[in-house]
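Trainee: I have a structure here, written as structure tokens, and I will follow up with some questions on it.
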Amino acid sequence: MPSIEDELFPSTPGKFKIDRSNRQLHRCFASTSTMFLWALFLIALTASYLSFQSFVDSGSRYLTASWGGIQWEKQVRTSAQIHRSGGISVLVTGATGFVGSHVSLALRKRGDGVVGLDNFNNYYDPSLKRARRSLLSSRGIFVVEGDLNDAKLLAKLFDVVAFTHVMHLAAQAGVRYALENPQSYVHSNIAGLVNLLEICKSANPQPAIVWASSSSVYGLNEKVPFSESDRTDQPASLYAATKKAGEEITHTYNHIYGLAITGLRFFTVYGPWGRPDMAYFSFTRNILQVKGCLGSLDSSGKSTGSGGKKRGSAPYRIFNLGNTSPVTVPILVDILEKHLKVKAKRNYVEMPGNGDVPFTHANISSARNEFGYKPTTDLETGLKKFVRWYLSYYGYNTKAKLVH
């Protein structure tokens, strides 16, 4: 019986014969089909592996990630525990910032639960924030490293802890930096704020919110001292504009969702662990009166919404927090010279048109009447403490030149 090969390729003349090239083509098709099947198999195998790996990675992340996992949740819950009768549990954003670290320590000292959140950005040397984080950790305060725009992280925090209050201090600070990186102000001061408010409105129960606005919202207003009822529609910088936008946005969430919200218009603050971009820090490289922040938290009232639905009206407040006695830059330098025991090189220049305003002066009568706010650290006392901390932290020689 003729073989299959003989049938296809007969040697006898007159019989049908397929060209050898077709034979190669047939083998090519057969080989291609086999390769295709193997490819399908490998794709299926790869897909299965990736699915399994994803499952493993998810489990590993849950157990060991920078946020999330059994140990992480335990740290959050422990840090949020209240240790006094009638205490509160507070999420402090920007916890390793100057104001945030002082507020966190004050809350912990009186027995409140505190959990910090900070993204440790490099607007100024992150090592200072890391040092503050270590200080907070030594007092039993856990600081989560993460960004306000991470909705999953925020949702997880509120899933783990039913915070009674939020002290929102995280923001892109500084007037002049907006000329270099304007997007960072929108990202942090507007998008980050909205993301936080979205999480808070849906929380059950809703927390009361105290957040940091700024005296910069008074902008080009020439009426002094600045009062909360003064016009704030002439911002002089992008930073001021984002803070003004924040006030409008928070009012909207208060009106629609029943969130109890208090905005604090901070004027220049000073004391140990200050921020490097503040004026006095530039001269040498604050103690903020955290009573204003604590008073705002304690008198914030309650949010009235539940599950994103408003059940009734809730408090909406704005307060100035600052010193009632403005101080000129020359006087500031005089005080620093005294405590540093060096003479400054003074170089007087025209005020640049970069968004800075020529003066700030706070009317604090509303805060005084509402929760007894009264600055008790005068400028000289605060700067004396700041200089002592600065020289210790940075190890500077007091004989070094002070340049202004």
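Each chain of the structure tokens is named A, B, ... in the order shown, its residues numbered from 1; ligands are numbered from 1 in display order.
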Could you pull the residues within 10 Å of Asp159 (chain A), counting only C-alpha atoms, minus those fewer than 3 positions along the same chain, as a PyMOL selection string?

Mentor: chain A and resi 73+153-156+162-163+203-204

Trainee: Would you pick out the contacts of region 168-183 of chain A at 6 Å or less, using only C-alpha atoms, so that residues sharing its chain but fewer than 4 positions from it are not included, and give the list as a list in words?

Mentor: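 Contacts, with the query itself left out: Val92, Thr93, Gly94, Ser188, Asn189, Trp211, Ala212, Tyr239 and Asn354 of chain A.
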
Trainee: Would you work out the distance separating CA of Tyr373 (chain A) from CA of Gly219 (chain A), expressed in Å to one decimal?

Mentor: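 The value is 23.9 Å.
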
Trainee: Calculated over only C-alpha atoms, which of the candidates A:Leu264, A:Leu220, A:Val103, A:Leu321 has the smallest distance to Leu91 (chain A)?

Mentor: A:Val103

Trainee: Just list the residues in region 32-281 of chain A DSSP gives helix (DSSP H, G or I) on the backbone, as an MDAnalysis selection string.

Mentor: chainID A and resid 32:64 70:80 98:109 126:138 151:160 176:179 182:202 215:218 238:257 279:281

Trainee: Using only C-alpha atoms, pick whichever of A:Ile256, A:Val160, A:Val144, A:Leu196 has the shortest atom-to-atom distance to Gln81 (chain A).

Mentor: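 Using only C-alpha atoms, the shortest distance to Gln81 (chain A) belongs to A:Val160.
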
Trainee: Nearest residue to Glu228 (chain A) out of A:Thr381, A:Ser213, A:Ser296, A:Asn195, using only C-alpha atoms?

Mentor: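 With only C-alpha atoms as the atom set, the closest residue is A:Ser213.
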
Trainee: Mind checking which residues fall within 6 Å of Asn119 (chain A), counting only C-alpha atoms, ignoring those fewer than 2 positions away in the same chain, and posting them as a PDB file with C-alpha atoms, in the first residue's frame?

Mentor:
```
ATOM      1  CA  ASN A 121       7.293  66.063  51.213  1.00  0.00           C
ATOM      2  CA  GLU A 145       3.003  58.161  55.993  1.00  0.00           C
ATOM      3  CA  GLY A 146       0.588  58.904  53.161  1.00  0.00           C
ATOM      4  CA  ASP A 147      -1.018  61.567  51.009  1.00  0.00           C
TER       5      ASP A 147
END
```

Trainee: Any chance you could list, as an MDAnalysis selection string, the residues in region 69-314 of chain A that come up strand (DSSP E) when DSSP is run on the backbone?

Mentor: chainID A and resid 89:93 113:118 142:145 165:168 208:212 261:266

Trainee: Give me, as a short mmCIF file (atom, residue, chain, number, x, y, z; two decimals) with N, CA, C and O atoms, in the first residue's frame, all polymer residues having an atom no more than 12 Å from Arg133 (chain A), counting only C-alpha atoms and skipping those fewer than 4 positions away in the same chain.

Mentor:
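Output file out_8.cif is given in full below:
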```
data_model
loop_
_atom_site.label_atom_id
_atom_site.label_comp_id
_atom_site.auth_asym_id
_atom_site.auth_seq_id
_atom_site.Cartn_x
_atom_site.Cartn_y
_atom_site.Cartn_z
N GLY A 94 -0.86 66.50 58.51
CA GLY A 94 0.29 67.39 58.63
C GLY A 94 0.88 67.30 60.03
O GLY A 94 1.39 68.28 60.58
N ALA A 95 0.86 66.08 60.59
CA ALA A 95 1.23 65.89 61.99
C ALA A 95 2.70 66.14 62.28
O ALA A 95 3.06 66.41 63.42
N THR A 96 3.57 66.04 61.27
CA THR A 96 4.99 66.28 61.52
C THR A 96 5.40 67.70 61.12
O THR A 96 6.57 68.04 61.14
N GLY A 97 4.40 68.52 60.77
CA GLY A 97 4.67 69.92 60.54
C GLY A 97 4.83 70.64 61.88
O GLY A 97 4.66 70.05 62.95
N PHE A 98 5.12 71.91 61.82
CA PHE A 98 5.36 72.67 63.04
C PHE A 98 4.13 72.70 63.92
O PHE A 98 4.14 72.27 65.08
N GLY A 100 1.28 71.01 63.52
CA GLY A 100 0.75 69.67 63.73
C GLY A 100 1.42 68.90 64.85
O GLY A 100 0.76 68.22 65.63
N SER A 101 2.74 69.00 64.94
CA SER A 101 3.46 68.27 65.98
C SER A 101 3.14 68.82 67.36
O SER A 101 2.96 68.06 68.32
N HIS A 102 3.04 70.15 67.48
CA HIS A 102 2.71 70.74 68.78
C HIS A 102 1.29 70.39 69.20
O HIS A 102 1.04 70.09 70.38
N SER A 104 -0.48 67.76 68.26
CA SER A 104 -0.52 66.33 68.56
C SER A 104 0.01 66.05 69.96
O SER A 104 -0.59 65.27 70.72
N LEU A 105 1.12 66.67 70.32
CA LEU A 105 1.70 66.47 71.64
C LEU A 105 0.78 66.99 72.74
O LEU A 105 0.63 66.37 73.80
N VAL A 115 -3.94 60.18 66.03
CA VAL A 115 -3.28 59.49 64.93
C VAL A 115 -2.83 60.55 63.94
O VAL A 115 -3.62 61.43 63.56
N GLY A 116 -1.57 60.51 63.55
CA GLY A 116 -1.05 61.51 62.62
C GLY A 116 -1.02 61.01 61.19
O GLY A 116 -0.99 59.80 60.93
N LEU A 117 -1.05 61.93 60.25
CA LEU A 117 -0.92 61.63 58.82
C LEU A 117 -0.04 62.69 58.20
O LEU A 117 -0.25 63.89 58.40
N ASP A 118 0.97 62.26 57.44
CA ASP A 118 1.87 63.22 56.79
C ASP A 118 2.52 62.56 55.58
O ASP A 118 2.81 61.36 55.62
N ASN A 119 2.74 63.33 54.52
CA ASN A 119 3.38 62.75 53.33
C ASN A 119 4.88 63.02 53.27
O ASN A 119 5.56 62.59 52.34
N PHE A 120 5.41 63.74 54.26
CA PHE A 120 6.86 63.98 54.37
C PHE A 120 7.44 64.53 53.05
O PHE A 120 8.48 64.08 52.58
N PRO A 126 13.20 67.21 54.84
CA PRO A 126 12.34 66.21 55.49
C PRO A 126 12.95 65.66 56.78
O PRO A 126 12.22 65.08 57.60
N SER A 127 14.24 65.83 56.98
CA SER A 127 14.85 65.30 58.20
C SER A 127 14.27 65.96 59.45
O SER A 127 14.19 65.33 60.52
N LEU A 128 13.85 67.21 59.34
CA LEU A 128 13.22 67.88 60.46
C LEU A 128 11.87 67.23 60.78
O LEU A 128 11.52 67.02 61.95
N LYS A 129 11.14 66.86 59.73
CA LYS A 129 9.86 66.17 59.95
C LYS A 129 10.08 64.78 60.53
O LYS A 129 9.32 64.32 61.39
N SER A 137 6.47 59.68 68.19
CA SER A 137 6.47 58.24 68.45
C SER A 137 6.87 57.95 69.90
O SER A 137 6.31 57.04 70.54
N SER A 138 7.80 58.72 70.41
CA SER A 138 8.25 58.51 71.79
C SER A 138 7.15 58.82 72.79
O SER A 138 7.21 58.38 73.94
N ARG A 139 6.13 59.56 72.35
CA ARG A 139 4.99 59.88 73.21
C ARG A 139 3.77 59.00 72.89
O ARG A 139 2.66 59.30 73.33
N GLY A 140 3.99 57.98 72.08
CA GLY A 140 2.90 57.05 71.79
C GLY A 140 1.98 57.48 70.68
O GLY A 140 0.85 56.98 70.58
N ILE A 141 2.44 58.40 69.83
CA ILE A 141 1.62 58.89 68.72
C ILE A 141 2.11 58.26 67.42
O ILE A 141 3.27 58.45 67.03
N PHE A 142 1.24 57.53 66.75
CA PHE A 142 1.59 56.86 65.50
C PHE A 142 1.29 57.79 64.32
O PHE A 142 0.18 58.31 64.20
N VAL A 143 2.29 58.01 63.48
CA VAL A 143 2.13 58.86 62.30
C VAL A 143 2.14 57.99 61.05
O VAL A 143 3.13 57.30 60.77
N VAL A 144 1.05 58.03 60.29
CA VAL A 144 0.94 57.27 59.05
C VAL A 144 1.56 58.09 57.93
O VAL A 144 1.28 59.29 57.79
N GLU A 145 2.41 57.48 57.14
CA GLU A 145 3.00 58.16 55.99
C GLU A 145 2.10 57.94 54.78
O GLU A 145 1.95 56.82 54.30
N TRP A 273 11.06 74.09 67.04
CA TRP A 273 10.67 73.18 65.95
C TRP A 273 9.94 73.93 64.83
O TRP A 273 9.05 73.40 64.19
#
```

Trainee: Using only C-alpha atoms, which of the listed residues (A:Val387, A:Ile209, A:Met167, A:Val224) sits closest to Arg317 (chain A)?

Mentor: A:Ile209
